[in-house]
>>> print(open('my_file.txt').read())   # compact mmCIF, C-alpha atoms
# COMPACT_ATOMS: atom_id res chain seq x y z
CA MET A 1497 117.18 2.48 103.26
CA ILE A 1498 118.41 5.98 102.68
CA ASP A 1499 121.38 7.00 104.83
CA SER A 1500 122.13 10.51 103.58
CA LEU A 1501 120.90 13.12 101.14
CA ARG A 1502 122.38 16.29 99.68
CA LEU A 1503 120.17 18.85 97.90
CA GLN A 1504 121.68 21.51 95.65
CA ASN A 1505 119.44 24.16 94.09
CA PHE A 1506 116.44 21.91 94.70
CA ARG A 1507 113.18 23.78 95.40
CA SER A 1508 113.80 25.99 98.46
CA TYR A 1509 117.22 24.45 99.22
CA SER A 1510 120.48 26.06 98.12
CA ASP A 1511 122.92 23.45 99.43
CA GLU A 1512 121.88 21.32 102.41
CA SER A 1513 122.73 17.82 103.62
CA PHE A 1514 120.79 15.44 105.88
CA GLU A 1515 121.44 12.09 107.54
CA PHE A 1516 118.74 9.53 108.29
CA GLU A 1517 118.43 6.68 110.77
CA PRO A 1518 117.12 3.24 109.72
CA SER A 1519 114.11 3.63 112.03
CA VAL A 1520 111.91 6.72 112.47
CA ASN A 1521 113.06 10.16 111.32
CA ILE A 1522 110.95 13.14 112.39
CA VAL A 1523 111.33 16.37 110.39
CA VAL A 1524 110.11 19.36 112.41
CA GLY A 1525 109.65 22.93 111.24
CA PRO A 1526 107.13 25.72 110.66
CA ASN A 1527 105.12 25.99 107.48
CA ALA A 1528 107.18 26.89 104.38
CA SER A 1529 110.41 25.66 106.01
CA GLY A 1530 111.03 22.97 103.36
CA LYS A 1531 109.61 19.86 105.05
CA THR A 1532 107.57 18.70 102.07
CA ASN A 1533 110.40 19.63 99.69
CA LEU A 1534 112.70 17.30 101.63
CA LEU A 1535 110.28 14.39 101.26
CA GLU A 1536 109.89 15.23 97.58
CA ALA A 1537 113.67 15.06 97.15
CA VAL A 1538 113.76 11.55 98.66
CA LEU A 1539 110.95 10.57 96.30
CA VAL A 1540 112.69 12.00 93.21
CA LEU A 1541 115.97 10.29 94.10
CA SER A 1542 114.15 7.00 94.72
CA ARG A 1543 111.61 6.90 91.89
CA GLY A 1544 112.99 9.37 89.36
CA GLY A 1545 110.28 12.01 89.40
CA SER A 1546 108.03 14.21 91.51
CA TYR A 1547 104.43 13.49 92.40
CA ARG A 1548 103.36 17.12 92.03
CA ALA A 1549 105.58 19.03 89.60
CA ARG A 1550 107.42 18.95 86.30
CA ASP A 1551 111.19 18.58 86.38
CA ALA A 1552 111.83 22.24 85.53
CA GLU A 1553 109.81 23.31 88.58
CA LEU A 1554 112.14 21.36 90.89
CA ILE A 1555 115.09 23.62 90.06
CA ARG A 1556 115.54 26.48 92.53
CA LEU A 1557 114.17 29.75 91.17
CA GLY A 1558 116.80 31.66 89.20
CA LYS A 1559 119.23 28.74 89.03
CA PRO A 1560 120.22 26.85 85.85
CA TRP A 1561 120.57 23.41 87.42
CA SER A 1562 119.66 21.19 90.36
CA ARG A 1563 121.28 18.08 91.82
CA LEU A 1564 120.34 15.43 94.38
CA ASP A 1565 122.89 12.98 95.80
CA GLY A 1566 122.15 10.18 98.21
CA TYR A 1567 123.49 6.98 99.66
CA PHE A 1568 121.26 3.94 100.08
CA GLY A 1569 123.48 1.61 102.05
CA THR A 1570 126.70 1.35 100.03
CA LEU A 1571 125.03 2.38 96.76
CA SER A 1572 125.15 5.96 95.56
CA ARG A 1573 122.41 7.65 93.52
CA ALA A 1574 122.24 11.06 91.88
CA VAL A 1575 119.67 13.00 89.89
CA MET A 1576 120.83 16.01 87.84
CA LEU A 1577 118.46 18.53 86.25
CA GLN A 1578 119.53 21.16 83.73
CA ARG A 1579 117.14 23.98 82.88
CA GLY A 1580 116.38 24.32 79.16
CA PRO A 1581 116.77 27.52 77.08
CA THR A 1582 113.12 28.53 77.55
CA GLY A 1583 113.07 27.65 81.24
CA GLU A 1584 110.02 25.42 80.82
CA ARG A 1585 111.77 22.14 80.00
CA SER A 1586 114.80 20.51 81.55
CA ALA A 1587 117.24 17.71 80.81
CA LYS A 1588 117.49 14.95 83.41
CA THR A 1589 120.32 12.50 84.07
CA PHE A 1590 120.48 9.67 86.60
CA VAL A 1591 123.73 8.30 88.03
CA LEU A 1592 123.04 4.95 89.70
CA ALA A 1593 126.01 3.09 91.19
CA ASN A 1594 128.35 5.19 89.00
CA LYS A 1595 126.49 4.43 85.76
CA ASN A 1596 124.61 7.08 83.76
CA TYR A 1597 120.99 6.62 82.69
CA ARG A 1598 118.53 8.79 80.79
CA ARG A 1599 115.53 7.05 82.37
CA MET A 1600 114.97 5.17 85.59
CA PRO A 1601 113.36 1.78 84.89
CA LEU A 1602 111.19 0.15 87.54
CA GLU A 1603 113.88 -2.34 88.59
CA ARG A 1604 116.30 0.56 89.27
CA THR A 1605 113.91 2.48 91.52
CA VAL A 1606 114.00 2.34 95.32
CA PRO A 1607 110.62 1.22 96.70
CA VAL A 1608 108.85 4.08 98.47
CA VAL A 1609 105.33 4.56 99.84
CA PHE A 1610 104.25 8.18 100.20
CA PHE A 1611 101.41 9.71 102.21
CA GLU A 1612 100.56 13.35 101.64
CA PRO A 1613 97.42 15.38 102.39
CA ASN A 1614 96.42 15.86 98.75
CA HIS A 1615 95.85 12.10 98.48
CA LEU A 1616 92.74 12.71 100.58
CA GLN A 1617 91.26 14.57 97.63
CA ALA A 1618 91.93 11.58 95.39
CA LEU A 1619 89.53 9.56 97.52
CA THR A 1620 86.70 12.10 97.49
CA ARG A 1621 86.99 14.14 94.29
CA ASP A 1622 86.26 13.17 90.69
CA PRO A 1623 86.85 9.62 89.34
CA GLN A 1624 89.97 10.65 87.42
CA HIS A 1625 91.90 11.25 90.65
CA ARG A 1626 90.95 7.81 91.97
CA ARG A 1627 91.88 6.09 88.70
CA GLU A 1628 95.25 7.83 88.76
CA TYR A 1629 95.84 6.81 92.39
CA PHE A 1630 95.27 3.08 91.75
CA ASP A 1631 96.90 3.10 88.30
CA ASP A 1632 100.04 4.58 89.87
CA LEU A 1633 100.12 1.72 92.38
CA LEU A 1634 99.79 -0.82 89.56
CA GLU A 1635 102.54 0.88 87.55
CA ARG A 1636 104.93 0.45 90.49
CA THR A 1637 104.07 -3.16 91.33
CA GLU A 1638 102.94 -4.94 88.14
CA LEU A 1639 105.47 -5.48 85.39
CA GLY A 1640 104.22 -4.15 82.06
CA TYR A 1641 101.21 -2.23 83.38
CA LYS A 1642 102.79 1.17 82.76
CA ARG A 1643 103.47 0.25 79.14
CA THR A 1644 99.90 -1.04 78.67
CA LEU A 1645 98.39 2.10 80.16
CA SER A 1646 100.59 4.36 78.04
CA SER A 1647 99.61 2.44 74.90
CA TYR A 1648 95.94 2.76 75.81
CA ARG A 1649 96.26 6.52 76.31
CA ARG A 1650 97.99 6.93 72.95
CA ALA A 1651 95.32 4.89 71.18
CA LEU A 1652 92.61 6.89 72.93
CA ALA A 1653 94.20 10.15 71.83
CA GLN A 1654 94.34 8.89 68.23
CA ARG A 1655 90.67 7.85 68.28
CA ASN A 1656 89.59 11.16 69.80
CA ALA A 1657 91.56 13.03 67.12
CA LEU A 1658 89.71 11.05 64.44
CA LEU A 1659 86.35 11.81 66.03
CA LYS A 1660 87.05 15.54 65.76
CA GLN A 1661 87.65 15.18 62.00
CA GLY A 1662 84.05 14.17 61.41
CA LYS A 1663 82.37 10.93 60.38
CA SER A 1664 82.88 11.22 56.63
CA ARG A 1665 86.67 11.49 56.93
CA ALA A 1666 87.37 9.36 60.02
CA ALA A 1667 84.89 6.45 59.83
CA PRO A 1668 87.04 4.17 57.62
CA GLN A 1669 89.93 4.29 60.14
CA LEU A 1670 87.87 4.08 63.32
CA PHE A 1671 87.42 0.30 63.53
CA ALA A 1672 91.15 -0.40 63.80
CA TRP A 1673 91.43 1.92 66.78
CA ASP A 1674 88.29 0.41 68.32
CA VAL A 1675 89.93 -3.02 68.22
CA ARG A 1676 93.17 -1.69 69.70
CA LEU A 1677 91.39 0.16 72.51
CA SER A 1678 89.26 -2.88 73.38
CA GLN A 1679 92.26 -5.20 73.62
CA LEU A 1680 94.25 -2.81 75.82
CA GLY A 1681 91.16 -1.90 77.84
CA GLU A 1682 90.60 -5.51 78.88
CA LYS A 1683 94.19 -5.78 80.14
CA ILE A 1684 93.80 -2.60 82.22
CA VAL A 1685 90.48 -3.66 83.72
CA THR A 1686 91.76 -7.16 84.52
CA SER A 1687 94.65 -5.66 86.49
CA ARG A 1688 92.41 -3.17 88.27
CA VAL A 1689 89.89 -5.85 89.26
CA ARG A 1690 92.69 -8.02 90.64
CA LEU A 1691 94.09 -5.09 92.65
CA VAL A 1692 90.67 -4.13 94.07
CA GLY A 1693 90.10 -7.75 95.13
CA LEU A 1694 93.44 -7.89 96.93
CA ILE A 1695 92.80 -4.61 98.73
CA ASN A 1696 89.33 -5.69 99.87
CA GLU A 1697 90.80 -8.82 101.50
CA SER A 1698 92.50 -6.71 104.19
CA LEU A 1699 91.05 -3.19 104.03
CA SER A 1700 88.33 -3.63 106.68
CA ALA A 1701 90.75 -5.15 109.20
CA SER A 1702 93.38 -2.43 108.67
CA TYR A 1703 90.85 0.38 108.86
CA SER A 1704 89.23 -1.07 111.97
CA ARG A 1705 92.58 -1.24 113.78
CA ILE A 1706 93.39 2.37 112.92
CA ALA A 1707 89.88 3.67 113.70
CA GLY A 1708 89.56 1.65 116.90
CA LYS A 1709 86.17 0.23 115.95
CA LYS A 1710 84.92 -2.58 113.74
CA THR A 1711 83.94 -1.14 110.37
CA LYS A 1712 83.43 -2.62 106.92
CA ALA A 1713 85.57 -0.70 104.44
CA SER A 1714 85.58 -1.64 100.77
CA LEU A 1715 86.39 -0.57 97.22
CA ILE A 1716 83.73 -0.81 94.53
CA TYR A 1717 85.01 -0.90 90.96
CA GLY A 1718 82.33 0.27 88.51
CA HIS A 1719 83.66 -1.43 85.39
CA GLN A 1720 81.31 -1.16 82.41
CA PHE A 1721 81.60 -4.80 81.29
CA ARG A 1722 82.50 -8.14 82.87
CA PRO A 1723 86.28 -8.70 82.83
CA GLY A 1724 85.96 -12.13 81.17
CA ASN A 1725 84.54 -10.72 77.94
CA TYR A 1726 85.42 -7.06 78.39
CA SER A 1727 87.19 -6.72 75.03
CA SER A 1728 84.33 -8.01 72.87
CA ARG A 1729 81.69 -6.07 74.82
CA MET A 1730 83.71 -2.86 74.67
CA LEU A 1731 84.27 -3.26 70.94
CA ALA A 1732 80.54 -3.71 70.33
CA LYS A 1733 79.74 -0.67 72.49
CA LEU A 1734 82.32 1.50 70.72
CA GLU A 1735 80.68 0.65 67.39
CA SER A 1736 77.15 1.28 68.62
CA ASN A 1737 78.22 4.54 70.32
CA SER A 1738 80.17 5.88 67.34
CA ARG A 1739 77.46 8.36 66.33
CA LEU A 1740 77.35 9.79 69.87
CA ASP A 1741 81.14 9.89 70.02
CA PHE A 1742 81.34 11.83 66.75
CA GLU A 1743 78.82 14.34 68.09
CA ARG A 1744 80.73 14.82 71.35
CA GLY A 1745 84.22 14.58 69.91
CA PHE A 1746 85.52 12.08 72.47
CA THR A 1747 85.32 8.38 73.37
CA THR A 1748 82.55 7.64 75.87
CA VAL A 1749 83.35 3.98 76.57
CA GLY A 1750 86.36 2.32 78.23
CA PRO A 1751 88.41 2.11 81.43
CA HIS A 1752 89.19 5.86 81.19
CA ARG A 1753 85.51 6.47 82.04
CA GLU A 1754 85.22 4.07 84.99
CA ASP A 1755 85.36 4.76 88.72
CA ILE A 1756 86.70 3.05 91.84
CA GLU A 1757 84.62 4.22 94.80
CA LEU A 1758 85.24 3.74 98.51
CA GLU A 1759 82.58 2.81 101.03
CA LEU A 1760 82.25 2.56 104.80
CA ASN A 1761 79.58 0.13 105.99
CA GLY A 1762 78.13 0.08 102.48
CA GLN A 1763 77.82 3.88 102.14
CA PRO A 1764 79.94 6.15 99.90
CA ILE A 1765 82.56 7.96 101.97
CA SER A 1766 81.58 11.27 100.34
CA LEU A 1767 78.23 11.00 102.15
CA VAL A 1768 79.10 9.49 105.53
CA ALA A 1769 82.81 9.90 106.36
CA SER A 1770 84.42 12.66 108.43
CA ARG A 1771 87.86 14.03 107.52
CA GLY A 1772 89.40 11.89 110.26
CA GLU A 1773 87.68 8.78 108.89
CA ILE A 1774 88.82 9.57 105.34
CA ARG A 1775 92.38 10.05 106.59
CA SER A 1776 92.18 6.71 108.43
CA LEU A 1777 90.91 5.04 105.26
CA LEU A 1778 93.80 6.50 103.28
CA LEU A 1779 96.25 5.20 105.90
CA ALA A 1780 94.67 1.75 105.61
CA LEU A 1781 95.26 1.91 101.84
CA LYS A 1782 98.86 2.98 102.42
CA ILE A 1783 99.40 0.06 104.79
CA PHE A 1784 98.18 -2.28 102.06
CA GLU A 1785 100.49 -0.48 99.64
CA LEU A 1786 103.46 -1.11 101.95
CA GLY A 1787 102.81 -4.84 101.86
CA LEU A 1788 102.16 -4.95 98.11
CA VAL A 1789 105.30 -2.98 97.25
CA GLU A 1790 107.39 -5.08 99.65
CA LYS A 1791 106.12 -8.30 98.06
CA ALA A 1792 106.59 -7.04 94.49
CA ARG A 1793 110.14 -5.76 95.12
CA ASP A 1794 111.22 -8.26 97.79
CA GLU A 1795 112.46 -5.45 100.05
CA LYS A 1796 110.92 -3.11 102.58
CA PRO A 1797 109.92 0.29 101.15
CA ILE A 1798 110.77 3.62 102.73
CA PHE A 1799 107.63 5.17 104.28
CA LEU A 1800 107.30 8.94 103.72
CA LEU A 1801 104.52 10.72 105.63
CA ASP A 1802 103.78 14.41 105.21
CA ASP A 1803 101.81 15.94 108.09
CA VAL A 1804 100.16 12.60 108.83
CA PHE A 1805 99.46 13.14 112.54
CA SER A 1806 97.17 16.12 112.11
CA GLU A 1807 93.45 15.29 112.32
CA LEU A 1808 94.21 11.91 113.93
CA ASP A 1809 93.21 11.36 117.56
CA GLY A 1810 95.43 9.58 120.07
CA GLY A 1811 94.07 6.11 119.35
CA ARG A 1812 94.59 6.43 115.60
CA ARG A 1813 98.11 7.79 116.15
CA ARG A 1814 99.06 4.85 118.36
CA ALA A 1815 97.68 2.38 115.80
CA LEU A 1816 99.72 4.02 113.04
CA VAL A 1817 102.92 3.98 115.11
CA LYS A 1818 102.72 0.17 115.34
CA TYR A 1819 103.08 -0.02 111.56
CA LEU A 1820 105.79 2.63 111.38
CA LYS A 1821 108.10 0.59 113.61
CA LYS A 1822 108.50 -2.01 110.84
CA TYR A 1823 109.92 0.41 108.26
CA GLN A 1824 112.34 3.25 107.79
CA ALA A 1825 109.98 6.22 108.08
CA ILE A 1826 110.43 9.94 107.48
CA ILE A 1827 107.64 12.00 109.04
CA THR A 1828 107.05 15.75 108.82
CA THR A 1829 105.26 17.84 111.43
CA THR A 1830 104.98 21.39 112.68
CA ASP A 1831 104.60 20.15 116.28
CA ALA A 1832 107.40 17.90 117.53
CA ASP A 1833 105.61 17.01 120.78
CA ALA A 1834 102.60 15.70 118.86
CA VAL A 1835 104.81 13.08 117.20
CA VAL A 1836 107.85 12.41 119.41
CA ASN A 1837 105.75 11.37 122.42
CA TYR A 1838 104.46 8.33 120.48
CA PHE A 1839 107.93 6.89 119.88
CA SER A 1840 109.58 5.27 122.87
CA GLN A 1841 112.22 3.63 120.67
CA HIS A 1842 115.13 5.51 119.10
CA HIS A 1843 114.20 8.21 116.63
CA ASN A 1844 116.10 10.84 114.69
CA LEU A 1845 114.95 14.45 115.01
CA ILE A 1846 115.66 16.81 112.08
CA THR A 1847 114.87 20.48 112.74
CA LEU A 1848 114.25 22.97 109.92
CA GLY A 1849 113.74 26.71 109.94
>>> encode(input="my_file.txt", output="structure tokens")
Amino acid sequence: MIDSLRLQNFRSYSDESFEFEPSVNIVVGPNASGKTNLLEAVLVLSRGGSYRARDAELIRLGKPWSRLDGYFGTLSRAVMLQRGPTGERSAKTFVLANKNYRRMPLERTVPVVFFEPNHLQALTRDPQHRREYFDDLLERTELGYKRTLSSYRRALAQRNALLKQGKSRAAPQLFAWDVRLSQLGEKIVTSRVRLVGLINESLSASYSRIAGKKTKASLIYGHQFRPGNYSSRMLAKLESNSRLDFERGFTTVGPHREDIELELNGQPISLVASRGEIRSLLLALKIFELGLVEKARDEKPIFLLDDVFSELDGGRRRALVKYLKKYQAIITTTDADAVVNYFSQHHNLITLG
């Protein structure tokens, strides 16, 4: 758990310090008072990077550097950012338990689960946002998945570059990249299928408790080939589609073209779900994420929730509070009464602005 945090030249903060309780922490303030920036700072200190910005954008405007310091129990952590000469790039250093690191490996991160309103768009917008949402979860909980996905993306970029050179020049080299993509693609799809299966085991029950009514909620993974022989089928399809790929200049087959859709009672949420229902579905996914991260890391994650209580009725709020009691939670809101009234146990109130 995080006990304290100091932000220097980070986003809207010049030099501020905060203390957190091991239970529920409620951050209250008007819009543009720095609530989301505070959650982002906890995330950067815990995981090493932001969910929404490049490192250079985290440094306060007009300042050459930024620093975050925090204590997680007896262990200290720091992230230092130095703006580059052009202002667009920055150097980053981590100090973890008094040792310097250039990168933060998975085993050095602090487990965190983060809810923020833009995740709602990931559930309803184009397939890329949904792939990124579930791939990020796999990167944080499955050893080696991040490396596999990065290798796939590099191989895909190489194949696409060849396609743009034209068939006469690129054809002799294409098969080797087809083989590489197929092998990596099967690993990615196997992991995704396993994750979707795990989520579907509990998603309906979690959603029904939050929504206050029995509802079947499920994920549907539209993989192009059966996982058992995905590699060989993908390789054959890449070869048969090569003419089309050369014409279009990009690769039309593989896990980068697949979708993971969400349904309520067998219907796509884009057709039948209200904003409140979509928010409840996202919370059900986050509750699954809490359990998966806790199991993978063998410790309870910190639960960060940005403006989670808006668009939830009283019943959904009470259902969510039952889960929050099990974790250290940091919640932002513009209306303290809308949140505080749901917590009879001790909570820590942090006022901004």
>>> closest_residue(input="my_file.txt", among="A:Glu1638, A:Asp1499, A:Glu1553, A:Glu1773", to="Leu1808 in chain A", atoms="all atoms listed in the file")
A:Glu1773
>>> closest_residue(input="my_file.txt", among="A:Lys1791, A:Arg1573, A:Arg1650, A:Lys1588", to="Asp1551 in chain A", atoms="all atoms listed in the file")
A:Lys1588
>>> residues_near_point(input="my_file.txt", point="(108.8, -4.2, 89.6)", cutoff="7 Å", atoms="all atoms listed in the file", output="MDAnalysis selection string")
chainID A and resid 1602:1603 1636:1639 1792:1793
>>> atom_distance(input="my_file.txt", atom1="CA of Leu1781 in chain A", atom2="CA of Leu1801 in chain A")
13.3 Å
>>> residues_near_point(input="my_file.txt", point="(94.1, -4.9, 96.5)", cutoff="10 Å", atoms="only C-alpha atoms", output="PyMOL selection string")
chain A and resi 1630+1633-1634+1688-1699+1715+1781+1784-1785+1788
>>> closest_residue(input="my_file.txt", among="A:Ala1825, A:Met1730, A:Val1538, A:Ala1713", to="Val1749 in chain A", atoms="all atoms listed in the file")
A:Met1730
>>> closest_residue(input="my_file.txt", among="A:Thr1830, A:Leu1659, A:Ile1498, A:Gln1679", to="Ser1728 in chain A", atoms="all atoms listed in the file")
A:Gln1679
>>> atom_distance(input="my_file.txt", atom1="CA of Ser1529 in chain A", atom2="CA of Ser1508 in chain A")
8.3 Å
>>> residues_around(input="my_file.txt", residues="Leu1501 in chain A", least_positions_apart="3", cutoff="8 Å", atoms="only C-alpha atoms", output="JSON list (two decimals) with C-alpha atoms, keeping the file's coordinate frame")
[["chain", "number", "residue", "atom", "x", "y", "z"],
["A", 1498, "ILE", "CA", 118.41, 5.98, 102.68],
["A", 1513, "SER", "CA", 122.73, 17.82, 103.62],
["A", 1514, "PHE", "CA", 120.79, 15.44, 105.88],
["A", 1515, "GLU", "CA", 121.44, 12.09, 107.54],
["A", 1538, "VAL", "CA", 113.76, 11.55, 98.66],
["A", 1564, "LEU", "CA", 120.34, 15.43, 94.38],
["A", 1565, "ASP", "CA", 122.89, 12.98, 95.80],
["A", 1566, "GLY", "CA", 122.15, 10.18, 98.21],
["A", 1567, "TYR", "CA", 123.49, 6.98, 99.66]]
>>> atom_distance(input="my_file.txt", atom1="CA of Phe1611 in chain A", atom2="CA of Val1804 in chain A")
7.3 Å
>>> residues_around(input="my_file.txt", residues="Phe1799 in chain A", least_positions_apart="5", cutoff="10 Å", atoms="only C-alpha atoms", output="PyMOL selection string")
chain A and resi 1497+1520+1607-1611+1782-1783+1786+1820+1822-1827
>>> closest_residue(input="my_file.txt", among="A:Gly1811, A:Gly1708, A:Gly1787, A:Gly1718", to="Arg1626 in chain A", atoms="only C-alpha atoms")
A:Gly1718
>>> residues_around(input="my_file.txt", residues="Arg1621 in chain A", least_positions_apart="5", cutoff="12 Å", atoms="only C-alpha atoms", output="list of chain:residue names")
A:Asn1614, A:His1615, A:Leu1616, A:Arg1626, A:Arg1627, A:Glu1628, A:Tyr1629, A:Asp1755, A:Ile1756, A:Glu1757, A:Leu1758, A:Ile1765, A:Ser1766
>>> axis_aligned_box(input="my_file.txt", around="range 1633-1647 of chain A", padding_each_side="6 Å", output="JSON")
{"center_x": 101.9, "center_y": -0.6, "center_z": 83.6, "size_x": 19.1, "size_y": 21.8, "size_z": 29.5}
>>> residues_around(input="my_file.txt", residues="Ser1647 in chain A", least_positions_apart="2", cutoff="12 Å", atoms="all atoms listed in the file", output="mmCIF file with C-alpha atoms, keeping the file's coordinate frame")
data_model
loop_
_atom_site.group_PDB
_atom_site.id
_atom_site.type_symbol
_atom_site.label_atom_id
_atom_site.label_comp_id
_atom_site.auth_asym_id
_atom_site.auth_seq_id
_atom_site.Cartn_x
_atom_site.Cartn_y
_atom_site.Cartn_z
ATOM 1 C CA GLY A 1640 104.220 -4.150 82.060
ATOM 2 C CA TYR A 1641 101.210 -2.230 83.380
ATOM 3 C CA LYS A 1642 102.790 1.170 82.760
ATOM 4 C CA ARG A 1643 103.470 0.250 79.140
ATOM 5 C CA THR A 1644 99.900 -1.040 78.670
ATOM 6 C CA LEU A 1645 98.390 2.100 80.160
ATOM 7 C CA ARG A 1649 96.260 6.520 76.310
ATOM 8 C CA ARG A 1650 97.990 6.930 72.950
ATOM 9 C CA ALA A 1651 95.320 4.890 71.180
ATOM 10 C CA LEU A 1652 92.610 6.890 72.930
ATOM 11 C CA ALA A 1653 94.200 10.150 71.830
ATOM 12 C CA GLN A 1654 94.340 8.890 68.230
ATOM 13 C CA TRP A 1673 91.430 1.920 66.780
ATOM 14 C CA ARG A 1676 93.170 -1.690 69.700
ATOM 15 C CA LEU A 1677 91.390 0.160 72.510
ATOM 16 C CA SER A 1678 89.260 -2.880 73.380
ATOM 17 C CA GLN A 1679 92.260 -5.200 73.620
ATOM 18 C CA LEU A 1680 94.250 -2.810 75.820
ATOM 19 C CA GLY A 1681 91.160 -1.900 77.840
ATOM 20 C CA LYS A 1683 94.190 -5.780 80.140
ATOM 21 C CA ILE A 1684 93.800 -2.600 82.220
#
>>> residues_around(input="my_file.txt", residues="Ala1707 in chain A", least_positions_apart="3", cutoff="6 Å", atoms="all atoms listed in the file", output="PyMOL selection string")
chain A and resi 1703-1704+1812
>>> closest_residue(input="my_file.txt", among="A:Ala1701, A:Leu1577, A:Pro1560, A:His1752", to="Gln1624 in chain A", atoms="all atoms listed in the file")
A:His1752
>>> build_atoms(input="my_file.txt", residues="range 1680-1693 of chain A", atoms="N, CA and C atoms", output="PDB file, in the coordinates of the input")
ATOM      1  N   LEU A1680      93.495  -3.417  74.717  1.00  0.00           N
ATOM      2  CA  LEU A1680      94.250  -2.810  75.820  1.00  0.00           C
ATOM      3  C   LEU A1680      93.346  -2.563  77.026  1.00  0.00           C
ATOM      4  N   GLY A1681      92.098  -2.164  76.761  1.00  0.00           N
ATOM      5  CA  GLY A1681      91.160  -1.900  77.840  1.00  0.00           C
ATOM      6  C   GLY A1681      90.921  -3.110  78.714  1.00  0.00           C
ATOM      7  N   GLU A1682      90.813  -4.295  78.098  1.00  0.00           N
ATOM      8  CA  GLU A1682      90.600  -5.510  78.880  1.00  0.00           C
ATOM      9  C   GLU A1682      91.795  -5.796  79.795  1.00  0.00           C
ATOM     10  N   LYS A1683      93.007  -5.560  79.303  1.00  0.00           N
ATOM     11  CA  LYS A1683      94.190  -5.780  80.140  1.00  0.00           C
ATOM     12  C   LYS A1683      94.186  -4.844  81.346  1.00  0.00           C
ATOM     13  N   ILE A1684      93.831  -3.581  81.125  1.00  0.00           N
ATOM     14  CA  ILE A1684      93.800  -2.600  82.220  1.00  0.00           C
ATOM     15  C   ILE A1684      92.768  -2.990  83.259  1.00  0.00           C
ATOM     16  N   VAL A1685      91.567  -3.329  82.791  1.00  0.00           N
ATOM     17  CA  VAL A1685      90.480  -3.660  83.720  1.00  0.00           C
ATOM     18  C   VAL A1685      90.795  -4.946  84.489  1.00  0.00           C
ATOM     19  N   THR A1686      91.387  -5.918  83.833  1.00  0.00           N
ATOM     20  CA  THR A1686      91.760  -7.160  84.520  1.00  0.00           C
ATOM     21  C   THR A1686      92.718  -6.882  85.667  1.00  0.00           C
ATOM     22  N   SER A1687      93.700  -6.012  85.430  1.00  0.00           N
ATOM     23  CA  SER A1687      94.650  -5.660  86.490  1.00  0.00           C
ATOM     24  C   SER A1687      93.974  -4.884  87.607  1.00  0.00           C
ATOM     25  N   ARG A1688      93.107  -3.954  87.251  1.00  0.00           N
ATOM     26  CA  ARG A1688      92.410  -3.170  88.270  1.00  0.00           C
ATOM     27  C   ARG A1688      91.510  -4.050  89.131  1.00  0.00           C
ATOM     28  N   VAL A1689      90.785  -4.960  88.508  1.00  0.00           N
ATOM     29  CA  VAL A1689      89.890  -5.850  89.260  1.00  0.00           C
ATOM     30  C   VAL A1689      90.696  -6.704  90.223  1.00  0.00           C
ATOM     31  N   ARG A1690      91.832  -7.208  89.766  1.00  0.00           N
ATOM     32  CA  ARG A1690      92.690  -8.020  90.640  1.00  0.00           C
ATOM     33  C   ARG A1690      93.190  -7.193  91.829  1.00  0.00           C
ATOM     34  N   LEU A1691      93.600  -5.954  91.580  1.00  0.00           N
ATOM     35  CA  LEU A1691      94.090  -5.090  92.650  1.00  0.00           C
ATOM     36  C   LEU A1691      92.982  -4.785  93.657  1.00  0.00           C
ATOM     37  N   VAL A1692      91.798  -4.437  93.171  1.00  0.00           N
ATOM     38  CA  VAL A1692      90.670  -4.130  94.070  1.00  0.00           C
ATOM     39  C   VAL A1692      90.340  -5.351  94.933  1.00  0.00           C
ATOM     40  N   GLY A1693      90.366  -6.541  94.347  1.00  0.00           N
ATOM     41  CA  GLY A1693      90.100  -7.750  95.130  1.00  0.00           C
ATOM     42  C   GLY A1693      91.120  -7.964  96.222  1.00  0.00           C
TER      43      GLY A1693
END
